[in-house]
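> Contents of structure23.cif (mmCIF, C-alpha atoms) are below:
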```
data_work
#
loop_
_atom_site.label_atom_id
_atom_site.label_comp_id
_atom_site.auth_asym_id
_atom_site.auth_seq_id
_atom_site.Cartn_x
_atom_site.Cartn_y
_atom_site.Cartn_z
CA MET X 1 28.24 -15.73 -13.59
CA GLU X 2 28.16 -13.34 -10.67
CA THR X 3 25.46 -10.74 -10.35
CA ASP X 4 27.96 -7.87 -10.16
CA GLU X 5 29.53 -9.02 -13.41
CA LEU X 6 26.13 -9.22 -15.04
CA ILE X 7 25.33 -5.67 -13.91
CA ALA X 8 28.64 -4.45 -15.36
CA THR X 9 27.79 -6.10 -18.67
CA LEU X 10 24.27 -4.67 -18.75
CA ALA X 11 25.58 -1.19 -17.99
CA ALA X 12 28.12 -1.59 -20.79
CA ASP X 13 25.35 -2.23 -23.32
CA ALA X 14 25.06 1.21 -24.88
CA THR X 15 22.19 0.35 -27.21
CA PRO X 16 19.43 2.84 -26.42
CA PRO X 17 16.33 1.37 -24.72
CA LYS X 18 13.59 0.21 -27.08
CA ARG X 19 10.26 1.94 -26.57
CA PRO X 20 7.08 0.04 -27.44
CA LYS X 21 5.57 3.11 -29.26
CA LEU X 22 2.15 1.52 -29.46
CA VAL X 23 0.20 4.56 -30.67
CA VAL X 24 2.51 5.04 -33.66
CA ARG X 25 2.18 1.35 -34.45
CA VAL X 26 -1.62 1.41 -34.32
CA VAL X 27 -1.82 4.44 -36.62
CA LEU X 28 0.68 2.92 -39.05
CA GLY X 29 -1.07 -0.46 -39.00
CA ALA X 30 -4.49 1.12 -39.58
CA LEU X 31 -3.07 3.09 -42.51
CA ILE X 32 -1.63 -0.07 -44.06
CA ALA X 33 -4.96 -1.86 -43.58
CA ALA X 34 -6.80 1.07 -45.18
CA VAL X 35 -4.48 1.08 -48.19
CA LEU X 36 -4.79 -2.70 -48.58
CA MET X 37 -8.58 -2.43 -48.40
CA PHE X 38 -8.57 0.39 -50.94
CA VAL X 39 -6.35 -1.49 -53.41
CA PHE X 40 -7.50 -5.12 -53.08
CA TRP X 41 -11.04 -4.90 -51.73
CA GLY X 42 -12.18 -1.50 -53.01
CA VAL X 43 -14.48 1.06 -51.44
CA ARG X 44 -18.19 0.26 -51.96
CA SER X 45 -19.43 2.15 -55.01
CA ASP X 46 -22.46 3.69 -53.29
CA LEU X 47 -20.64 4.85 -50.16
CA ALA X 48 -21.83 8.48 -50.26
CA THR X 49 -25.52 7.62 -50.54
CA ALA X 50 -25.31 4.59 -48.24
CA LEU X 51 -23.90 6.72 -45.45
CA GLN X 52 -27.20 8.62 -45.37
CA THR X 53 -29.11 5.56 -44.14
CA GLY X 54 -29.45 4.62 -40.51
CA ALA X 55 -28.41 0.98 -40.94
CA VAL X 56 -25.10 1.91 -42.55
CA GLN X 57 -24.47 4.57 -39.96
CA SER X 58 -25.12 2.06 -37.18
CA LYS X 59 -22.65 -0.34 -38.81
CA HIS X 60 -19.92 2.28 -38.65
CA ILE X 61 -20.96 3.30 -35.17
CA TYR X 62 -20.71 -0.33 -34.07
CA THR X 63 -17.15 -0.74 -35.36
CA ALA X 64 -16.14 2.67 -34.01
CA PHE X 65 -17.57 1.74 -30.62
CA LEU X 66 -15.55 -1.50 -30.57
CA VAL X 67 -12.34 0.28 -31.56
CA LEU X 68 -12.85 2.87 -28.85
CA GLY X 69 -13.88 0.39 -26.16
CA LEU X 70 -11.07 -2.07 -26.80
CA GLY X 71 -8.62 0.81 -27.22
CA ILE X 72 -9.52 2.10 -23.75
CA LEU X 73 -9.18 -1.42 -22.40
CA MET X 74 -5.69 -1.67 -23.90
CA THR X 75 -4.49 1.59 -22.37
CA LYS X 76 -6.20 1.09 -19.01
CA TYR X 77 -4.49 -2.23 -18.81
CA PRO X 78 -0.86 -1.44 -19.44
CA MET X 79 0.68 -4.07 -17.23
CA ALA X 80 0.27 -6.96 -14.91
CA GLU X 81 -0.25 -4.74 -11.89
CA THR X 82 -3.90 -4.62 -12.86
CA LYS X 83 -6.31 -7.45 -12.39
CA ARG X 84 -5.98 -10.11 -14.99
CA PHE X 85 -9.52 -11.11 -15.79
CA LEU X 86 -11.26 -7.75 -15.92
CA PRO X 87 -10.50 -6.89 -19.55
CA ILE X 88 -11.12 -10.35 -20.87
CA SER X 89 -14.50 -10.61 -19.17
CA LEU X 90 -15.48 -7.09 -20.30
CA ALA X 91 -14.58 -7.87 -23.89
CA LEU X 92 -16.37 -11.21 -23.89
CA GLY X 93 -19.40 -9.67 -22.18
CA ALA X 94 -19.70 -6.89 -24.77
CA ILE X 95 -19.40 -9.39 -27.58
CA ALA X 96 -22.01 -11.70 -26.05
CA VAL X 97 -24.44 -8.78 -25.84
CA MET X 98 -23.87 -8.06 -29.53
CA TRP X 99 -24.69 -11.64 -30.39
CA LEU X 100 -27.93 -11.50 -28.45
CA VAL X 101 -28.88 -8.22 -30.12
CA SER X 102 -28.14 -9.66 -33.55
CA VAL X 103 -30.39 -12.64 -32.86
CA ALA X 104 -33.14 -10.39 -31.52
CA LEU X 105 -33.00 -8.08 -34.54
CA GLY X 106 -33.75 -10.92 -36.93
CA GLY X 107 -33.37 -10.03 -40.59
CA ASP X 108 -31.13 -12.00 -42.91
CA PRO X 109 -27.97 -12.86 -41.01
CA MET X 110 -26.46 -14.89 -43.88
CA GLY X 111 -26.11 -12.20 -46.57
CA GLN X 112 -23.98 -13.03 -49.61
CA THR X 113 -20.48 -12.32 -48.35
CA ALA X 114 -20.42 -13.92 -44.90
CA LEU X 115 -17.32 -16.02 -45.55
CA SER X 116 -15.30 -13.30 -47.20
CA CYS X 117 -16.23 -11.01 -44.32
CA VAL X 118 -15.04 -13.45 -41.66
CA ALA X 119 -11.80 -14.05 -43.61
CA SER X 120 -11.15 -10.41 -44.53
CA ILE X 121 -11.32 -9.00 -41.02
CA PRO X 122 -8.46 -11.14 -39.60
CA LEU X 123 -6.47 -10.59 -42.81
CA LEU X 124 -6.74 -6.81 -42.60
CA ALA X 125 -6.01 -7.03 -38.88
CA LEU X 126 -2.61 -8.60 -39.60
CA PRO X 127 -0.63 -5.37 -40.14
CA ILE X 128 -2.09 -3.76 -37.00
CA GLY X 129 -1.73 -6.85 -34.82
CA GLY X 130 1.71 -7.65 -36.18
CA LEU X 131 3.02 -4.17 -35.44
CA LEU X 132 1.46 -4.14 -31.98
CA ILE X 133 2.91 -7.53 -31.01
CA THR X 134 6.33 -6.44 -32.26
CA GLY X 135 6.09 -3.36 -30.06
CA LEU X 136 4.89 -5.32 -27.05
CA ARG X 137 7.92 -7.58 -27.32
CA HIS X 138 9.80 -4.65 -25.81
CA SER X 139 7.49 -4.54 -22.83
CA VAL X 140 6.85 -6.75 -19.80
CA GLU X 141 3.90 -9.06 -20.45
CA PRO X 142 3.42 -11.72 -17.78
CA PHE X 143 0.03 -12.75 -19.16
CA ALA X 144 1.19 -13.22 -22.72
CA ALA X 145 -1.73 -15.16 -24.22
CA HIS X 146 -4.20 -12.88 -22.51
CA ARG X 147 -2.53 -9.76 -23.82
CA GLY X 148 -2.28 -11.30 -27.28
CA PHE X 149 -6.02 -11.98 -27.21
CA LEU X 150 -6.71 -8.35 -26.35
CA VAL X 151 -4.37 -7.17 -29.12
CA GLY X 152 -6.16 -9.49 -31.55
CA LEU X 153 -9.60 -8.19 -30.57
CA PHE X 154 -8.45 -4.58 -30.89
CA SER X 155 -6.72 -5.14 -34.25
CA GLY X 156 -9.80 -7.03 -35.45
CA SER X 157 -12.08 -4.16 -34.52
CA VAL X 158 -9.89 -1.59 -36.30
CA SER X 159 -9.81 -3.93 -39.28
CA ALA X 160 -13.62 -4.29 -39.16
CA ALA X 161 -13.97 -0.50 -39.13
CA VAL X 162 -11.82 -0.38 -42.26
CA TYR X 163 -13.60 -3.31 -43.90
CA ALA X 164 -17.00 -1.68 -43.29
CA VAL X 165 -16.09 0.91 -45.93
CA HIS X 166 -15.87 -1.91 -48.48
CA CYS X 167 -18.72 -4.13 -47.27
CA PHE X 168 -22.17 -3.56 -48.78
CA GLU X 169 -24.07 -5.79 -46.34
CA ASP X 170 -26.06 -3.41 -44.19
CA ALA X 171 -28.41 -5.70 -42.24
CA PRO X 172 -27.58 -5.34 -38.54
CA ALA X 173 -28.12 -9.09 -38.13
CA PHE X 174 -25.38 -9.62 -40.69
CA PHE X 175 -22.71 -7.29 -39.42
CA LEU X 176 -23.34 -7.93 -35.75
CA LEU X 177 -22.90 -11.64 -36.36
CA TRP X 178 -20.10 -11.84 -38.91
CA TYR X 179 -18.06 -8.79 -37.96
CA THR X 180 -18.10 -10.02 -34.40
CA LEU X 181 -17.07 -13.49 -35.52
CA GLY X 182 -14.22 -12.01 -37.60
CA ILE X 183 -13.07 -9.99 -34.60
CA MET X 184 -13.25 -13.03 -32.32
CA LEU X 185 -11.21 -15.00 -34.83
CA SER X 186 -8.60 -12.21 -34.80
CA GLY X 187 -8.62 -12.40 -31.00
CA ALA X 188 -8.02 -16.14 -31.04
CA ILE X 189 -5.12 -15.75 -33.47
CA GLY X 190 -3.75 -12.93 -31.33
CA GLY X 191 -3.89 -15.14 -28.26
CA GLY X 192 -1.80 -17.83 -29.95
CA VAL X 193 0.71 -15.33 -31.32
CA GLY X 194 0.96 -13.56 -27.95
CA LYS X 195 1.60 -16.78 -26.09
CA ARG X 196 4.41 -17.57 -28.48
CA PHE X 197 6.03 -14.14 -28.83
CA LEU X 198 5.31 -12.06 -25.73
CA ASN X 199 7.15 -12.57 -22.45
CA VAL X 200 8.60 -10.95 -19.39
CA MET D 1 7.58 4.80 -0.99
CA THR D 2 10.95 5.14 0.66
CA SER D 3 13.63 7.64 -0.20
CA GLN D 4 15.69 4.83 -1.67
CA ASP D 5 12.88 4.05 -4.08
CA HIS D 6 13.06 7.65 -5.26
CA GLU D 7 16.81 7.48 -5.57
CA ILE D 8 16.60 4.29 -7.65
CA GLU D 9 13.94 5.82 -9.88
CA ASP D 10 16.01 8.95 -10.45
CA LEU D 11 19.02 6.83 -11.33
CA MET D 12 16.92 4.78 -13.75
CA ARG D 13 15.62 7.95 -15.41
CA LYS D 14 19.19 9.16 -15.84
CA GLY D 15 20.16 5.73 -17.11
CA LEU D 16 17.41 5.86 -19.72
CA THR D 17 18.89 9.05 -21.10
CA GLY D 18 22.26 7.35 -21.51
CA ASP D 19 24.03 7.96 -18.19
CA ARG D 20 25.72 4.60 -17.80
CA ARG D 21 27.22 5.22 -14.37
CA ALA D 22 23.82 6.13 -12.98
CA TYR D 23 22.35 3.07 -14.67
CA ALA D 24 24.96 0.72 -13.17
CA GLN D 25 24.37 2.25 -9.76
CA CYS D 26 20.63 1.86 -10.20
CA LEU D 27 21.00 -1.85 -10.96
CA SER D 28 23.39 -2.32 -8.03
CA LEU D 29 20.87 -0.72 -5.69
CA LEU D 30 18.06 -2.78 -7.19
CA ALA D 31 19.85 -6.12 -6.81
CA PRO D 32 19.56 -6.45 -3.00
CA ARG D 33 15.95 -5.29 -3.13
CA MET D 34 15.25 -7.91 -5.78
CA ARG D 35 16.99 -10.53 -3.68
CA ALA D 36 14.59 -9.75 -0.84
CA MET D 37 11.64 -10.00 -3.22
CA ALA D 38 12.83 -13.33 -4.59
CA ARG D 39 13.19 -14.68 -1.06
CA ARG D 40 9.58 -13.78 -0.42
CA ASP D 41 8.50 -15.58 -3.59
CA LEU D 42 10.50 -18.75 -2.95
CA ALA D 43 10.20 -21.21 -0.09
CA ALA D 44 13.25 -21.36 2.16
CA SER D 45 14.18 -24.72 0.65
CA GLN D 46 14.45 -23.02 -2.75
CA TRP D 47 16.64 -20.13 -1.68
CA HIS D 48 19.54 -21.48 -3.69
CA LEU D 49 17.55 -20.21 -6.71
CA VAL D 50 17.39 -16.62 -5.46
CA GLU D 51 20.41 -15.42 -7.41
CA ASP D 52 19.14 -17.06 -10.58
CA VAL D 53 15.85 -15.22 -10.21
CA VAL D 54 17.63 -11.93 -9.59
CA GLN D 55 19.89 -12.32 -12.60
CA GLU D 56 17.16 -13.23 -15.01
CA ALA D 57 15.00 -10.40 -13.72
CA LEU D 58 17.95 -8.00 -14.17
CA LEU D 59 18.38 -9.16 -17.74
CA SER D 60 14.68 -8.62 -18.39
CA ILE D 61 14.70 -5.19 -16.72
CA HIS D 62 17.61 -4.23 -18.92
CA LEU D 63 16.10 -5.40 -22.21
CA LYS D 64 12.67 -3.95 -21.43
CA ARG D 65 13.56 -0.81 -19.51
CA GLY D 66 12.21 1.30 -22.35
CA SER D 67 8.69 0.16 -21.50
CA TRP D 68 8.79 1.44 -17.94
CA GLU D 69 6.45 4.42 -17.87
CA GLU D 70 8.48 7.05 -16.09
CA ASP D 71 5.52 8.64 -14.33
CA ARG D 72 4.66 5.34 -12.67
CA PRO D 73 6.56 3.94 -9.67
CA LEU D 74 9.43 1.66 -10.65
CA MET D 75 9.29 -0.82 -7.78
CA PRO D 76 5.92 -2.44 -8.62
CA TRP D 77 7.19 -2.90 -12.17
CA VAL D 78 10.33 -4.60 -10.87
CA ARG D 79 8.21 -6.63 -8.47
CA VAL D 80 6.12 -8.08 -11.32
CA ILE D 81 9.24 -9.11 -13.20
CA VAL D 82 10.88 -10.75 -10.18
CA ARG D 83 7.73 -12.65 -9.25
CA HIS D 84 7.26 -13.86 -12.79
CA LYS D 85 10.86 -15.04 -13.05
CA ALA D 86 10.57 -16.84 -9.70
CA ILE D 87 7.42 -18.67 -10.83
CA ASP D 88 9.02 -19.50 -14.15
CA LEU D 89 12.16 -20.89 -12.58
CA LEU D 90 10.24 -22.97 -10.06
CA ARG D 91 8.10 -24.42 -12.81
CA ASN D 92 11.20 -25.41 -14.77
CA VAL D 93 12.97 -26.85 -11.77
CA ARG D 94 9.94 -28.93 -10.83
CA SER D 95 9.29 -30.29 -14.29
CA LYS D 96 12.84 -30.90 -15.39
CA ALA D 97 14.92 -31.85 -12.40
CA PRO D 98 13.45 -34.09 -9.73
CA HIS D 99 14.93 -33.42 -6.32
CA GLU D 100 17.98 -35.54 -5.57
CA PRO D 101 18.83 -35.82 -1.90
CA ILE D 102 22.42 -34.79 -1.31
CA GLU D 103 22.84 -37.66 1.17
CA ASP D 104 22.94 -40.06 -1.77
CA HIS D 105 26.03 -38.37 -3.10
CA ALA D 106 28.43 -38.40 -0.17
CA GLU D 107 31.41 -38.38 -2.51
CA LEU D 108 30.50 -34.92 -3.78
CA GLY D 109 31.54 -33.10 -0.64
CA ALA D 110 30.49 -29.56 0.00
CA PRO D 111 29.82 -27.74 -3.26
CA VAL D 112 32.06 -24.79 -3.83
CA SER D 113 29.30 -22.40 -4.65
CA ASP D 114 29.32 -18.67 -4.69
CA PRO D 115 26.14 -17.36 -3.11
CA LEU D 116 26.13 -14.48 -5.57
CA ALA D 117 26.59 -16.64 -8.66
CA GLY D 118 23.72 -17.65 -10.86
CA LEU D 119 24.00 -21.14 -12.27
CA HIS D 120 21.13 -20.85 -14.64
CA LEU D 121 22.50 -17.90 -16.55
CA GLU D 122 25.90 -19.60 -16.59
CA GLN D 123 24.27 -22.57 -18.32
CA ALA D 124 22.45 -20.31 -20.76
CA LEU D 125 25.76 -18.59 -21.45
CA SER D 126 27.36 -21.93 -22.30
CA ARG D 127 24.75 -22.47 -24.98
CA LEU D 128 25.59 -19.20 -26.72
CA SER D 129 28.08 -19.07 -29.56
CA GLU D 130 31.68 -18.73 -28.42
CA ARG D 131 31.92 -15.14 -29.56
CA ASP D 132 28.65 -14.11 -27.90
CA ALA D 133 29.65 -15.72 -24.63
CA ALA D 134 33.07 -14.07 -24.80
CA LEU D 135 31.42 -10.71 -25.48
CA VAL D 136 29.20 -11.01 -22.43
CA ARG D 137 32.02 -12.23 -20.21
CA GLY D 138 34.48 -9.72 -21.61
CA HIS D 139 32.24 -6.86 -20.56
CA ALA D 140 31.61 -8.47 -17.21
CA VAL D 141 35.27 -8.50 -16.31
CA GLU D 142 36.22 -5.21 -14.81
CA GLY D 143 38.79 -3.08 -16.52
CA LEU D 144 37.96 -4.14 -20.04
CA ASP D 145 36.80 -0.93 -21.60
CA ALA D 146 35.20 -0.57 -25.00
CA GLU D 147 38.50 0.18 -26.72
CA THR D 148 40.26 -2.90 -25.42
CA LEU D 149 37.29 -5.02 -26.40
CA SER D 150 37.23 -3.45 -29.84
CA THR D 151 40.75 -4.66 -30.47
CA THR D 152 40.25 -8.09 -28.85
CA PHE D 153 37.23 -8.86 -30.97
CA ASN D 154 38.54 -6.96 -33.96
CA MET D 155 35.31 -5.05 -34.31
CA ALA D 156 34.48 -1.38 -34.76
CA PRO D 157 32.98 0.18 -31.59
CA GLY D 158 29.58 0.53 -33.28
CA ALA D 159 29.53 -3.09 -34.41
CA LEU D 160 30.70 -4.17 -30.97
CA ARG D 161 27.83 -2.30 -29.37
CA VAL D 162 25.29 -4.01 -31.61
CA ALA D 163 26.93 -7.40 -31.11
CA LEU D 164 26.82 -7.09 -27.33
CA HIS D 165 23.16 -6.10 -27.39
CA ARG D 166 22.28 -9.05 -29.62
CA ALA D 167 24.30 -11.40 -27.41
CA LEU D 168 22.30 -10.21 -24.39
CA ARG D 169 19.02 -10.74 -26.22
CA ARG D 170 20.08 -14.24 -27.19
CA LEU D 171 21.15 -14.89 -23.62
CA ALA D 172 17.67 -13.93 -22.38
CA GLU D 173 16.16 -16.15 -25.06
CA MET D 174 18.35 -19.09 -24.03
CA ALA D 175 17.54 -18.64 -20.36
CA ARG D 176 13.85 -18.64 -21.24
CA LYS D 177 14.08 -21.75 -23.39
CA ASP D 178 15.51 -23.75 -20.58
CA GLU D 179 16.59 -26.86 -22.28
CA GLU D 180 18.77 -28.90 -19.98
CA TRP D 181 18.41 -26.70 -16.94
CA LYS D 182 19.37 -28.49 -13.74
CA PRO D 183 19.61 -26.29 -10.69
CA MET D 184 22.34 -27.94 -8.63
CA SER D 185 24.49 -29.89 -11.05
#
```
Now, as a test, write the supplied structure out as structure tokens.

Amino acid sequence: METDELIATLAADATPPKRPKLVVRVVLGALIAAVLMFVFWGVRSDLATALQTGAVQSKHIYTAFLVLGLGILMTKYPMAETKRFLPISLALGAIAVMWLVSVALGGDPMGQTALSCVASIPLLALPIGGLLITGLRHSVEPFAAHRGFLVGLFSGSVSAAVYAVHCFEDAPAFFLLWYTLGIMLSGAIGGGVGKRFLNV
Amino acid sequence: MTSQDHEIEDLMRKGLTGDRRAYAQCLSLLAPRMRAMARRDLAASQWHLVEDVVQEALLSIHLKRGSWEEDRPLMPWVRVIVRHKAIDLLRNVRSKAPHEPIEDHAELGAPVSDPLAGLHLEQALSRLSERDAALVRGHAVEGLDAETLSTTFNMAPGALRVALHRALRRLAEMARKDEEWKPMS
């Protein structure tokens, strides 16, 4: 096929361009995750009183901080023009610090719901991550696995913020360890999905 | 940034709002620029792949043009796509088709090759369904307007539009999959 012919064909394609619309997708995905949490997991019964305590507040601050940080990373890193390893090293660095802090804080890191926590965070991250990956299929992603990993981390942190409303484990050692693990697991899944579904 | 860069960007912006003439002109202006980029990415011995790189990059630009942020310069965005396609194509050529010296095939004679033709996309096209391939080719041939095509394919204009878009997406998919891709055969 000649290039001129290809251009004529492309110009004849009157389907409007697809926009990634990532913000809409994040909001929608977070809403779906919140509804799922509300229906299947349930809000913790003592939420109003628990929110008065410092430990619970710090749990929500931690998840909010991750959402914000990774969100900024996602927007500051829209395309391959930027350096490739900066976001990944920032994300990994932040997470490593959290691990160290959780070890230093001591307390009971095991809790009673460790497994369900690690499983719930990637599960609730699915609607957010799924919508984001679908949107990013309309955009140019040369570092597909890398971008997928970032999407997974971000979706996992939104999901953790939602899950925190259900979870009654308030020991910093617990949530720093298991929330972070759940988010990392989401990131790993995101990396695999991105490698498979994102492209240039 | 040169004045041509600005011109191309303006045309792309118009194209994004549905001005198809501006869009076609934008792609026509982009093609030689992309050819130059592809030459920079490929060693001189691989320059027979330039047109393949350009065509696949054009297809990608078309399918993903909605993700270009209009307040950012267009050329770096195009550059990333071209470079990626060049790397991709080289990787496939290296892994799937070992170099065969032409001297071993004296009987072949000089290949009748069009320097502006892309073989890779042609191969991808041959793996599409007959109707999809005909749709893509039908639009490529000048003079076939939407109405004529509507009657040839016996489809309503709306359905035709959707079918062409899907055919192009499948074409990009096929080119990416790269099953039996051999550059010079």
> Can you list, as a ChimeraX atom specification, every protein, DNA or RNA residue that comes within 8 Å of stretch 45-61 of chain X when you count all atoms listed in the file, leaving out same-chain residues fewer than 6 positions away?
/X:161,164-165,170-172,175
> So which residues touch X:Gly156 within 9 Å, counting only C-alpha atoms, skipping near sequence neighbours fewer than 2 positions away, as a ChimeraX atom specification?
/X:67,121-126,128-129,151-154,158-161,179-180,182-187
> Could those residues be written to a file, using C-alpha atoms, as a PDB file, in the frame of the given file?

```pdb
ATOM      1  CA  VAL X  67     -12.340   0.280 -31.560  1.00  0.00           C
ATOM      2  CA  ILE X 121     -11.320  -9.000 -41.020  1.00  0.00           C
ATOM      3  CA  PRO X 122      -8.460 -11.140 -39.600  1.00  0.00           C
ATOM      4  CA  LEU X 123      -6.470 -10.590 -42.810  1.00  0.00           C
ATOM      5  CA  LEU X 124      -6.740  -6.810 -42.600  1.00  0.00           C
ATOM      6  CA  ALA X 125      -6.010  -7.030 -38.880  1.00  0.00           C
ATOM      7  CA  LEU X 126      -2.610  -8.600 -39.600  1.00  0.00           C
ATOM      8  CA  ILE X 128      -2.090  -3.760 -37.000  1.00  0.00           C
ATOM      9  CA  GLY X 129      -1.730  -6.850 -34.820  1.00  0.00           C
ATOM     10  CA  VAL X 151      -4.370  -7.170 -29.120  1.00  0.00           C
ATOM     11  CA  GLY X 152      -6.160  -9.490 -31.550  1.00  0.00           C
ATOM     12  CA  LEU X 153      -9.600  -8.190 -30.570  1.00  0.00           C
ATOM     13  CA  PHE X 154      -8.450  -4.580 -30.890  1.00  0.00           C
ATOM     14  CA  VAL X 158      -9.890  -1.590 -36.300  1.00  0.00           C
ATOM     15  CA  SER X 159      -9.810  -3.930 -39.280  1.00  0.00           C
ATOM     16  CA  ALA X 160     -13.620  -4.290 -39.160  1.00  0.00           C
ATOM     17  CA  ALA X 161     -13.970  -0.500 -39.130  1.00  0.00           C
ATOM     18  CA  TYR X 179     -18.060  -8.790 -37.960  1.00  0.00           C
ATOM     19  CA  THR X 180     -18.100 -10.020 -34.400  1.00  0.00           C
ATOM     20  CA  GLY X 182     -14.220 -12.010 -37.600  1.00  0.00           C
ATOM     21  CA  ILE X 183     -13.070  -9.990 -34.600  1.00  0.00           C
ATOM     22  CA  MET X 184     -13.250 -13.030 -32.320  1.00  0.00           C
ATOM     23  CA  LEU X 185     -11.210 -15.000 -34.830  1.00  0.00           C
ATOM     24  CA  SER X 186      -8.600 -12.210 -34.800  1.00  0.00           C
ATOM     25  CA  GLY X 187      -8.620 -12.400 -31.000  1.00  0.00           C
TER      26      GLY X 187
END
```
> Could you check the closest approach to chain D for each of X:Leu28, X:Ala91, X:Val200, X:Leu150 and tell me which residue wins, using all atoms listed in the file?
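Residue with the minimum atom-to-atom distance to chain D: X:Val200.
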> Evaluated on this file, the PyMOL selection byres ((chain X and resi 93-100) around 12) picks out some residues - which ones are they, written as a ChimeraX atom specification?
/X:62-63,65-66,69-70,85-92,101-106,109,153,157,172-184,187
> Hey, could you make a per-residue contact list for chain D against chain X with 6 Å as the cut-off, showing the nearest pair of atoms and its distance in Å to one decimal, counting only C-alpha atoms, sorted by chain and number, as a Markdown table?

```
| residue | atom | partner | partner_atom | distance |
| --- | --- | --- | --- | --- |
| D:Arg20 | CA | X:Ala11 | CA | 5.8 |
| D:Ala24 | CA | X:Ala11 | CA | 5.2 |
| D:Lys64 | CA | X:His138 | CA | 5.3 |
| D:Gly66 | CA | X:Arg19 | CA | 4.7 |
| D:Ser67 | CA | X:Ser139 | CA | 5.0 |
| D:Leu116 | CA | X:Glu2 | CA | 5.6 |
| D:Ala117 | CA | X:Glu2 | CA | 4.2 |
| D:Gly118 | CA | X:Met1 | CA | 5.6 |
| D:Glu122 | CA | X:Met1 | CA | 5.4 |
| D:His139 | CA | X:Thr9 | CA | 4.9 |
| D:Ala140 | CA | X:Glu5 | CA | 4.4 |
```
